[in-house]
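S.K.: Just passing along the structure, written as structure tokens.
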Amino acid sequence: EPRAACVLGIDLGTTSVKAALVVGGEQGPVVAESCSRETQAQTGSPGAGPQGMEQSVRKIVRALNECLAALPQQQLQRVSHIGISGQMHGIVFWKRDEGCKWTESETGPTFEPGEVSNLVTWQDGRCSPDFLSSLPQPQSHISLAKGFGCATVYWYLKKSPDFLKSYDAAGTIHDYVVAMLCDLKKPLMSDQNAASWGYFNSRSKSWNTDILKKSGFPVHLLPEVGDPGSIAGRTICAWHGIPKGAEVGIALGDFQCSVYSCLTERTDAVLNIGTSAQLTISMPPGFQPPETPDPFSAVTYYPYFSGNYLAVAASLNGGNVLAMFVDMVTQWIAEMGLAVQENTIYSKIIKAALIQNDSKLSIHPTVFGERHMPEQLASVTNISVSDVSLGHVTRALCRGIIENLHSMLPSECLTEMGVRRILGTGSALARNEVLRQEAERIFPFPVVYGKDVDAAVGAAMVM
């Protein structure tokens, strides 16, 4: 059937934007075409100091436009639904009637950002533990942490209140894109994104407005909240050839969409190692998270689909730790007056570690801290003369990354929850055999690969 409708899935990630065209096949959804573009959107945040992490919304939207322009026009014309996911926790501010301008491009109408702030990402560190502890206690099952949208609003409220006066709407980067496509007067957000901002009660599906108002928080900036899987609106223009009036789903968490794209059996756990790392299991239907968070627990319950929850050990330390190690080695070599490419170093350290099957060296790899223990940084112990080769150190580092996740959600818990196997996914696991070996060594379940997580595909499947 040549005119069969297809669904466009989009994921606005930390480093790249991905778009996938998904069509129904006999065995379920099939990816007909996909495209990704690096955003290279990192930008300075002068007011926030070195801890700030901001991205240019213009550059993210440019990458999105490039992705769509690269997809086949005749297939885009058959798109009936658009599902959009993106990085959770982060926040972007805009002016309601001036958020974007629609212009004509080679592949049809598209929008360019207008009166829009930078995106303050989930990796932003401007909210120190001291600053966070000065904020009112949320009524939520998730502890407040740096990089959470509401915490960032409080930071502006206290450090730079004039900034907030320029805007009358806010959302995640993917909420912004949905609002622009559908010309929403008031931004709409899924409970997945709302829970990731803090000050949101997942049981009552409502913001902690009383607590927030008391402390002078600009509650008019908070989006309305709806259910994941519901329709936010319809496209107001023929966007890159996608028909005007295509249904756009409410923006979803990239994490939930990634899991949705690969988790089919309740007895599977997902081990995903990309920039950061997560170990996830789906909770039985009817499960409700506790009323208040246990600040020392490493497991968080994220709203999923159809009122269900995921139990997640979300580590801030994954592939980014290896990237930092490679960067460190590169810098040392450069200080010797030599030059070696980073990707050469990456493949060489993996090769060296594959030869070193064991290492007594112990590396606790939390260079980026963890949400439940922000002050505990990385350490290397048990250093002996015989275990300091590049292979030993890389092997110990890879093991440390897996052990850290395992300490957050141990095998015993997984077994109790009925887990029978682990799906290993994510870019760091895909390109690093040493990490895969360590995952297989540390977890007492079969680890299977090949079914990769893909938030863009997950976002399309939800539609």
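Each chain of the structure tokens is named A, B, ... in the order shown, its residues numbered from 1; ligands are numbered from 1 in display order.
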List every residue of range 76-159 of chain A that has an atom at most 8 Å from any atom of range 288-300 of chain A, giving for each one its closest atom pair and the distance in Å to one decimal, counting only C-alpha atoms, sorted by chain and then by ascending residue number, as JSON lines.
M.R.:
```
{"residue": "A:Gln139", "atom": "CA", "partner": "A:Thr292", "partner_atom": "CA", "distance": 7.0}
{"residue": "A:Ser140", "atom": "CA", "partner": "A:Thr292", "partner_atom": "CA", "distance": 5.9}
{"residue": "A:His141", "atom": "CA", "partner": "A:Pro293", "partner_atom": "CA", "distance": 4.6}
{"residue": "A:Ile142", "atom": "CA", "partner": "A:Pro293", "partner_atom": "CA", "distance": 5.4}
{"residue": "A:Ser143", "atom": "CA", "partner": "A:Pro293", "partner_atom": "CA", "distance": 5.8}
```
S.K.: Could you pull out the residues in range 34-172 of chain A that DSSP calls helix (DSSP H, G or I) from the backbone, as an NGL selection string?
M.R.: :A and (46-51 or 57-70 or 73-76 or 96-98 or 129-133 or 149-159 or 161-165)
S.K.: Enumerate, as a VMD selection string, the complete set of residues in range 342-447 of chain A that a backbone-based DSSP assignment places in strand (DSSP E or B).
M.R.: chain A and resid 362 to 364 370 373 379 to 381 421 to 425 447
S.K.: Take the residues just selected and output them with C-alpha atoms as a PDB file, in the first residue's frame.
M.R.:
```pdb
ATOM      1  CA  SER A 362      40.024  -0.500  42.033  1.00  0.00           C
ATOM      2  CA  ILE A 363      38.524   2.628  40.497  1.00  0.00           C
ATOM      3  CA  HIS A 364      35.445   4.280  41.930  1.00  0.00           C
ATOM      4  CA  GLU A 370      25.863  11.015  41.830  1.00  0.00           C
ATOM      5  CA  MET A 373      25.755  11.409  46.849  1.00  0.00           C
ATOM      6  CA  SER A 379      38.989   7.607  43.706  1.00  0.00           C
ATOM      7  CA  VAL A 380      41.595   5.032  42.749  1.00  0.00           C
ATOM      8  CA  THR A 381      42.680   2.518  45.372  1.00  0.00           C
ATOM      9  CA  ARG A 421      17.927 -11.269  31.528  1.00  0.00           C
ATOM     10  CA  ILE A 422      19.522  -7.920  30.776  1.00  0.00           C
ATOM     11  CA  LEU A 423      19.259  -5.998  27.526  1.00  0.00           C
ATOM     12  CA  GLY A 424      22.559  -4.190  27.007  1.00  0.00           C
ATOM     13  CA  THR A 425      22.149  -0.983  25.006  1.00  0.00           C
ATOM     14  CA  VAL A 447      23.202 -10.061  28.861  1.00  0.00           C
TER      15      VAL A 447
END
```
S.K.: Have a look at CA of Pro303 in chain A and CA of His81 in chain A and let me know their distance in Å, one decimal.
M.R.: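 Spanning CA of Pro303 in chain A to CA of His81 in chain A is a straight-line distance of 22.7 Å.
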S.K.: Do a neighbour search on Asp454 in chain A at 8 Å with only C-alpha atoms, toss out local chain neighbours closer than 4 positions, and write the hits as a list in words.
M.R.: Cys257, Ser258, Ser261, Cys262 and Gly458 of chain A
S.K.: Using only C-alpha atoms, which residues sit within 12 Å of Gly426 in chain A once same-chain residues fewer than 3 positions away are excluded, as a PDB file with C-alpha atoms, in the first residue's frame?
M.R.:
```
ATOM      1  CA  PHE A 255      14.647   8.027  28.859  1.00  0.00           C
ATOM      2  CA  SER A 258      14.475   4.711  24.907  1.00  0.00           C
ATOM      3  CA  VAL A 259      13.181   2.047  27.267  1.00  0.00           C
ATOM      4  CA  CYS A 262      13.337  -2.072  23.456  1.00  0.00           C
ATOM      5  CA  VAL A 270      17.686  -2.575  30.489  1.00  0.00           C
ATOM      6  CA  LEU A 271      21.329  -1.641  31.014  1.00  0.00           C
ATOM      7  CA  ASN A 272      21.953   1.483  28.955  1.00  0.00           C
ATOM      8  CA  ILE A 273      25.353   3.156  28.845  1.00  0.00           C
ATOM      9  CA  GLY A 274      25.584   6.273  26.712  1.00  0.00           C
ATOM     10  CA  THR A 275      26.869   9.624  28.008  1.00  0.00           C
ATOM     11  CA  SER A 276      25.444   8.694  31.402  1.00  0.00           C
ATOM     12  CA  ALA A 277      24.230   5.226  32.449  1.00  0.00           C
ATOM     13  CA  GLN A 278      21.006   3.627  33.633  1.00  0.00           C
ATOM     14  CA  LEU A 279      19.802   0.279  34.864  1.00  0.00           C
ATOM     15  CA  GLY A 318      28.844   6.422  32.048  1.00  0.00           C
ATOM     16  CA  GLY A 319      30.561   6.926  28.708  1.00  0.00           C
ATOM     17  CA  LEU A 423      19.259  -5.998  27.526  1.00  0.00           C
ATOM     18  CA  LEU A 429      28.407  -0.475  25.423  1.00  0.00           C
ATOM     19  CA  ALA A 430      28.195  -0.812  21.643  1.00  0.00           C
ATOM     20  CA  ARG A 431      31.698   0.506  20.998  1.00  0.00           C
ATOM     21  CA  ASN A 432      33.467  -0.891  24.072  1.00  0.00           C
ATOM     22  CA  LEU A 435      32.466  -2.692  29.262  1.00  0.00           C
ATOM     23  CA  ARG A 436      30.431  -5.571  27.797  1.00  0.00           C
ATOM     24  CA  TYR A 449      22.737  -7.022  22.816  1.00  0.00           C
ATOM     25  CA  GLY A 450      21.552  -6.002  19.414  1.00  0.00           C
ATOM     26  CA  LYS A 451      18.236  -4.457  20.357  1.00  0.00           C
ATOM     27  CA  ASP A 452      19.389  -0.908  20.617  1.00  0.00           C
ATOM     28  CA  VAL A 453      17.518   1.783  22.471  1.00  0.00           C
ATOM     29  CA  ASP A 454      16.368   4.577  20.264  1.00  0.00           C
ATOM     30  CA  ALA A 455      14.374   7.397  21.804  1.00  0.00           C
TER      31      ALA A 455
END
```
S.K.: List the spatial neighbours of Gly83 in chain A as JSON, numbers by chain - criterion: any atom at most 6 Å away, only C-alpha atoms, same-chain residues fewer than 6 positions off excluded.
M.R.: {"A": [9, 249, 459, 460]}
S.K.: Export, as a short mmCIF file (atom, residue, chain, number, x, y, z; two decimals), in the first residue's frame, the selected residues with N, CA and C atoms.
M.R.:
```
data_model
loop_
_atom_site.label_atom_id
_atom_site.label_comp_id
_atom_site.auth_asym_id
_atom_site.auth_seq_id
_atom_site.Cartn_x
_atom_site.Cartn_y
_atom_site.Cartn_z
N GLY A 9 9.26 10.05 14.36
CA GLY A 9 9.75 10.13 15.74
C GLY A 9 10.97 11.03 15.77
N GLY A 249 2.17 14.48 19.28
CA GLY A 249 2.00 13.98 20.65
C GLY A 249 2.64 14.92 21.65
N ALA A 459 9.57 7.23 20.61
CA ALA A 459 8.58 8.32 20.55
C ALA A 459 7.58 8.06 19.43
N ALA A 460 8.06 7.48 18.32
CA ALA A 460 7.16 7.16 17.21
C ALA A 460 6.24 6.00 17.60
#
```
S.K.: If I take CA of Leu164 in chain A and CA of Phe93 in chain A, how far is one from the other in Å, to one decimal?
M.R.: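 Calculated distance between CA of Leu164 in chain A and CA of Phe93 in chain A is 8.2 Å.
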S.K.: May I have the residues within 12 Å of Gly233 in chain A as a VMD selection string, using only C-alpha atoms and disregarding those fewer than 4 positions away in the same chain?
M.R.: chain A and resid 81 to 83 175 177 to 189 226 244 to 251
S.K.: Export, as an mmCIF file, in the first residue's frame, the selected residues with N, CA, C and O atoms.
M.R.:
```
data_model
loop_
_atom_site.group_PDB
_atom_site.id
_atom_site.type_symbol
_atom_site.label_atom_id
_atom_site.label_comp_id
_atom_site.auth_asym_id
_atom_site.auth_seq_id
_atom_site.Cartn_x
_atom_site.Cartn_y
_atom_site.Cartn_z
ATOM 1 N N HIS A 81 1.309 11.402 12.154
ATOM 2 C CA HIS A 81 1.547 11.657 13.583
ATOM 3 C C HIS A 81 3.025 11.952 13.809
ATOM 4 O O HIS A 81 3.878 11.362 13.143
ATOM 5 N N ILE A 82 3.307 12.804 14.790
ATOM 6 C CA ILE A 82 4.695 13.110 15.147
ATOM 7 C C ILE A 82 4.853 12.865 16.648
ATOM 8 O O ILE A 82 4.063 13.379 17.458
ATOM 9 N N GLY A 83 5.859 12.069 17.008
ATOM 10 C CA GLY A 83 6.160 11.834 18.429
ATOM 11 C C GLY A 83 7.517 12.459 18.721
ATOM 12 O O GLY A 83 8.461 12.266 17.962
ATOM 13 N N ASP A 175 9.319 20.251 24.691
ATOM 14 C CA ASP A 175 8.037 20.939 24.889
ATOM 15 C C ASP A 175 7.998 22.196 24.018
ATOM 16 O O ASP A 175 6.954 22.551 23.463
ATOM 17 N N VAL A 177 9.513 22.708 21.119
ATOM 18 C CA VAL A 177 9.285 22.349 19.711
ATOM 19 C C VAL A 177 7.808 22.001 19.481
ATOM 20 O O VAL A 177 7.202 22.445 18.509
ATOM 21 N N VAL A 178 7.213 21.247 20.398
ATOM 22 C CA VAL A 178 5.785 20.899 20.262
ATOM 23 C C VAL A 178 4.933 22.171 20.288
ATOM 24 O O VAL A 178 4.024 22.346 19.473
ATOM 25 N N ALA A 179 5.238 23.082 21.215
ATOM 26 C CA ALA A 179 4.459 24.325 21.326
ATOM 27 C C ALA A 179 4.555 25.151 20.040
ATOM 28 O O ALA A 179 3.571 25.746 19.605
ATOM 29 N N MET A 180 5.743 25.171 19.422
ATOM 30 C CA MET A 180 5.913 25.941 18.181
ATOM 31 C C MET A 180 5.163 25.279 17.021
ATOM 32 O O MET A 180 4.490 25.950 16.247
ATOM 33 N N LEU A 181 5.291 23.953 16.903
ATOM 34 C CA LEU A 181 4.637 23.244 15.787
ATOM 35 C C LEU A 181 3.124 23.418 15.832
ATOM 36 O O LEU A 181 2.474 23.509 14.796
ATOM 37 N N CYS A 182 2.568 23.428 17.045
ATOM 38 C CA CYS A 182 1.101 23.440 17.185
ATOM 39 C C CYS A 182 0.585 24.817 17.578
ATOM 40 O O CYS A 182 -0.613 24.979 17.805
ATOM 41 N N ASP A 183 1.508 25.793 17.718
ATOM 42 C CA ASP A 183 1.137 27.139 18.149
ATOM 43 C C ASP A 183 0.298 27.085 19.433
ATOM 44 O O ASP A 183 -0.793 27.665 19.508
ATOM 45 N N LEU A 184 0.814 26.385 20.435
ATOM 46 C CA LEU A 184 0.086 26.278 21.714
ATOM 47 C C LEU A 184 0.211 27.596 22.460
ATOM 48 O O LEU A 184 1.316 28.118 22.631
ATOM 49 N N LYS A 185 -0.927 28.135 22.910
ATOM 50 C CA LYS A 185 -0.873 29.393 23.669
ATOM 51 C C LYS A 185 -0.225 29.146 25.027
ATOM 52 O O LYS A 185 0.502 29.987 25.532
ATOM 53 N N LYS A 186 -0.535 27.993 25.618
ATOM 54 C CA LYS A 186 0.104 27.650 26.896
ATOM 55 C C LYS A 186 0.833 26.336 26.673
ATOM 56 O O LYS A 186 0.251 25.376 26.174
ATOM 57 N N PRO A 187 2.137 26.290 27.022
ATOM 58 C CA PRO A 187 2.870 25.034 26.798
ATOM 59 C C PRO A 187 2.230 23.874 27.552
ATOM 60 O O PRO A 187 1.633 24.061 28.610
ATOM 61 N N LEU A 188 2.364 22.694 26.974
ATOM 62 C CA LEU A 188 1.793 21.481 27.549
ATOM 63 C C LEU A 188 2.946 20.517 27.746
ATOM 64 O O LEU A 188 3.832 20.430 26.900
ATOM 65 N N MET A 189 2.943 19.810 28.864
ATOM 66 C CA MET A 189 4.073 18.954 29.220
ATOM 67 C C MET A 189 3.540 17.621 29.708
ATOM 68 O O MET A 189 2.500 17.568 30.373
ATOM 69 N N GLY A 226 -0.169 16.938 30.897
ATOM 70 C CA GLY A 226 -1.076 15.942 30.326
ATOM 71 C C GLY A 226 -0.436 14.551 30.338
ATOM 72 O O GLY A 226 0.704 14.388 30.776
ATOM 73 N N LYS A 244 0.027 19.851 6.894
ATOM 74 C CA LYS A 244 -0.543 20.703 7.927
ATOM 75 C C LYS A 244 -1.655 19.902 8.606
ATOM 76 O O LYS A 244 -2.394 19.185 7.930
ATOM 77 N N GLY A 245 -1.756 20.000 9.926
ATOM 78 C CA GLY A 245 -2.810 19.262 10.631
ATOM 79 C C GLY A 245 -2.381 17.879 11.109
ATOM 80 O O GLY A 245 -3.178 17.133 11.669
ATOM 81 N N ALA A 246 -1.091 17.520 10.889
ATOM 82 C CA ALA A 246 -0.604 16.240 11.432
ATOM 83 C C ALA A 246 -0.674 16.309 12.964
ATOM 84 O O ALA A 246 -0.400 17.358 13.561
ATOM 85 N N GLU A 247 -1.040 15.196 13.606
ATOM 86 C CA GLU A 247 -1.177 15.198 15.071
ATOM 87 C C GLU A 247 0.198 15.096 15.730
ATOM 88 O O GLU A 247 1.030 14.284 15.332
ATOM 89 N N VAL A 248 0.418 15.940 16.727
ATOM 90 C CA VAL A 248 1.703 15.959 17.437
ATOM 91 C C VAL A 248 1.453 15.503 18.868
ATOM 92 O O VAL A 248 0.605 16.073 19.573
ATOM 93 N N GLY A 249 2.168 14.479 19.285
ATOM 94 C CA GLY A 249 1.999 13.978 20.652
ATOM 95 C C GLY A 249 2.636 14.916 21.654
ATOM 96 O O GLY A 249 3.558 15.676 21.335
ATOM 97 N N ILE A 250 2.170 14.858 22.874
ATOM 98 C CA ILE A 250 2.768 15.613 23.974
ATOM 99 C C ILE A 250 4.227 15.135 24.111
ATOM 100 O O ILE A 250 4.515 13.953 23.912
ATOM 101 N N ALA A 251 5.155 16.060 24.367
ATOM 102 C CA ALA A 251 6.578 15.694 24.393
ATOM 103 C C ALA A 251 6.872 14.720 25.537
ATOM 104 O O ALA A 251 6.320 14.835 26.635
#
```
S.K.: Which neighbours of Phe148 in chain A fall inside 12 Å, counting only C-alpha atoms, when residues of the same chain fewer than 3 positions from it are skipped, and could you give them as a ChimeraX atom specification?
M.R.: /A:87-92,119-128,132,142-145,151-155,171-172,193-200,371
S.K.: Could the residues in this selection be saved with N, CA and C atoms as an mmCIF file, in the first residue's frame?
M.R.:
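Below is the file part21.cif, written as the result:
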```cif
data_model
loop_
_atom_site.group_PDB
_atom_site.id
_atom_site.type_symbol
_atom_site.label_atom_id
_atom_site.label_comp_id
_atom_site.auth_asym_id
_atom_site.auth_seq_id
_atom_site.Cartn_x
_atom_site.Cartn_y
_atom_site.Cartn_z
ATOM 1 N N GLN A 87 15.831 15.521 26.013
ATOM 2 C CA GLN A 87 16.535 15.429 27.295
ATOM 3 C C GLN A 87 15.655 15.979 28.419
ATOM 4 N N MET A 88 15.498 15.163 29.436
ATOM 5 C CA MET A 88 14.658 15.549 30.570
ATOM 6 C C MET A 88 15.405 16.542 31.472
ATOM 7 N N HIS A 89 14.695 17.066 32.440
ATOM 8 C CA HIS A 89 15.229 17.956 33.476
ATOM 9 C C HIS A 89 15.527 19.377 32.994
ATOM 10 N N GLY A 90 16.037 19.523 31.754
ATOM 11 C CA GLY A 90 16.462 20.840 31.282
ATOM 12 C C GLY A 90 15.300 21.805 31.086
ATOM 13 N N ILE A 91 15.640 23.099 30.890
ATOM 14 C CA ILE A 91 14.595 24.121 30.759
ATOM 15 C C ILE A 91 14.997 25.191 29.753
ATOM 16 N N VAL A 92 13.995 25.640 28.990
ATOM 17 C CA VAL A 92 14.184 26.746 28.060
ATOM 18 C C VAL A 92 13.008 27.706 28.260
ATOM 19 N N LEU A 119 18.971 26.878 26.215
ATOM 20 C CA LEU A 119 18.505 25.727 26.990
ATOM 21 C C LEU A 119 19.512 25.507 28.119
ATOM 22 N N VAL A 120 19.030 25.540 29.360
ATOM 23 C CA VAL A 120 19.888 25.164 30.492
ATOM 24 C C VAL A 120 19.718 23.660 30.641
ATOM 25 N N THR A 121 20.772 22.881 30.373
ATOM 26 C CA THR A 121 20.601 21.434 30.219
ATOM 27 C C THR A 121 20.564 20.697 31.553
ATOM 28 N N TRP A 122 20.261 19.407 31.461
ATOM 29 C CA TRP A 122 20.226 18.530 32.650
ATOM 30 C C TRP A 122 21.604 18.413 33.283
ATOM 31 N N GLN A 123 22.662 18.752 32.514
ATOM 32 C CA GLN A 123 24.018 18.625 33.065
ATOM 33 C C GLN A 123 24.451 19.881 33.806
ATOM 34 N N ASP A 124 23.572 20.892 33.847
ATOM 35 C CA ASP A 124 23.936 22.167 34.455
ATOM 36 C C ASP A 124 24.217 21.997 35.943
ATOM 37 N N GLY A 125 25.281 22.648 36.419
ATOM 38 C CA GLY A 125 25.676 22.461 37.823
ATOM 39 C C GLY A 125 25.620 23.727 38.647
ATOM 40 N N ARG A 126 24.911 24.774 38.139
ATOM 41 C CA ARG A 126 24.925 26.049 38.871
ATOM 42 C C ARG A 126 24.244 25.944 40.236
ATOM 43 N N CYS A 127 23.313 24.994 40.402
ATOM 44 C CA CYS A 127 22.642 24.844 41.701
ATOM 45 C C CYS A 127 23.482 23.948 42.605
ATOM 46 N N SER A 128 24.262 24.572 43.473
ATOM 47 C CA SER A 128 25.143 23.813 44.374
ATOM 48 C C SER A 128 24.297 23.114 45.436
ATOM 49 N N LEU A 132 20.604 24.237 46.770
ATOM 50 C CA LEU A 132 19.436 23.343 46.761
ATOM 51 C C LEU A 132 18.842 23.195 48.153
ATOM 52 N N ILE A 142 10.387 12.504 44.084
ATOM 53 C CA ILE A 142 11.732 12.629 43.526
ATOM 54 C C ILE A 142 12.459 13.778 44.221
ATOM 55 N N SER A 143 13.661 13.528 44.729
ATOM 56 C CA SER A 143 14.443 14.593 45.373
ATOM 57 C C SER A 143 14.866 15.616 44.327
ATOM 58 N N LEU A 144 14.945 16.855 44.752
ATOM 59 C CA LEU A 144 15.402 17.914 43.856
ATOM 60 C C LEU A 144 16.905 17.759 43.624
ATOM 61 N N ALA A 145 17.358 18.019 42.404
ATOM 62 C CA ALA A 145 18.793 17.931 42.123
ATOM 63 C C ALA A 145 19.199 19.026 41.145
ATOM 64 N N ALA A 151 14.569 23.959 39.842
ATOM 65 C CA ALA A 151 15.730 24.439 40.605
ATOM 66 C C ALA A 151 16.407 25.578 39.837
ATOM 67 N N THR A 152 16.484 25.426 38.508
ATOM 68 C CA THR A 152 17.097 26.463 37.670
ATOM 69 C C THR A 152 16.288 27.754 37.734
ATOM 70 N N VAL A 153 14.937 27.641 37.740
ATOM 71 C CA VAL A 153 14.093 28.841 37.855
ATOM 72 C C VAL A 153 14.391 29.546 39.180
ATOM 73 N N TYR A 154 14.497 28.782 40.269
ATOM 74 C CA TYR A 154 14.828 29.374 41.573
ATOM 75 C C TYR A 154 16.175 30.098 41.510
ATOM 76 N N TRP A 155 17.125 29.505 40.789
ATOM 77 C CA TRP A 155 18.454 30.121 40.689
ATOM 78 C C TRP A 155 18.329 31.502 40.029
ATOM 79 N N GLY A 171 9.562 25.428 29.230
ATOM 80 C CA GLY A 171 9.341 23.995 29.037
ATOM 81 C C GLY A 171 10.686 23.333 28.798
ATOM 82 N N THR A 172 10.655 22.034 28.537
ATOM 83 C CA THR A 172 11.884 21.368 28.112
ATOM 84 C C THR A 172 12.100 21.766 26.641
ATOM 85 N N ASN A 193 7.993 14.571 31.845
ATOM 86 C CA ASN A 193 8.863 15.743 31.906
ATOM 87 C C ASN A 193 8.643 16.535 33.185
ATOM 88 N N ALA A 194 7.371 16.655 33.607
ATOM 89 C CA ALA A 194 7.067 17.428 34.814
ATOM 90 C C ALA A 194 7.765 16.820 36.034
ATOM 91 N N ALA A 195 7.710 15.492 36.147
ATOM 92 C CA ALA A 195 8.347 14.835 37.300
ATOM 93 C C ALA A 195 9.856 15.098 37.296
ATOM 94 N N SER A 196 10.418 15.264 36.091
ATOM 95 C CA SER A 196 11.867 15.449 36.005
ATOM 96 C C SER A 196 12.291 16.890 36.319
ATOM 97 N N TRP A 197 11.333 17.789 36.493
ATOM 98 C CA TRP A 197 11.658 19.181 36.834
ATOM 99 C C TRP A 197 11.694 19.417 38.343
ATOM 100 N N GLY A 198 11.078 18.479 39.123
ATOM 101 C CA GLY A 198 10.965 18.714 40.560
ATOM 102 C C GLY A 198 9.682 19.474 40.874
ATOM 103 N N TYR A 199 9.269 19.450 42.149
ATOM 104 C CA TYR A 199 8.054 20.137 42.597
ATOM 105 C C TYR A 199 6.811 19.693 41.835
ATOM 106 N N PHE A 200 6.778 18.395 41.504
ATOM 107 C CA PHE A 200 5.599 17.849 40.829
ATOM 108 C C PHE A 200 5.180 16.587 41.553
ATOM 109 N N ARG A 371 23.555 11.777 41.984
ATOM 110 C CA ARG A 371 22.496 12.624 42.549
ATOM 111 C C ARG A 371 22.273 12.320 44.030
#
```
S.K.: Take CA of Gly108 in chain A and CA of Ile242 in chain A and report the distance between them in Å, one decimal.
M.R.: 8.7 Å
S.K.: Hey, which of A:Ala41, A:Pro72, A:Val312, A:Val462 ends up closest to Glu54 in chain A? Count only C-alpha atoms.
M.R.: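 Counting only C-alpha atoms, the residue closest to Glu54 in chain A is A:Ala41.
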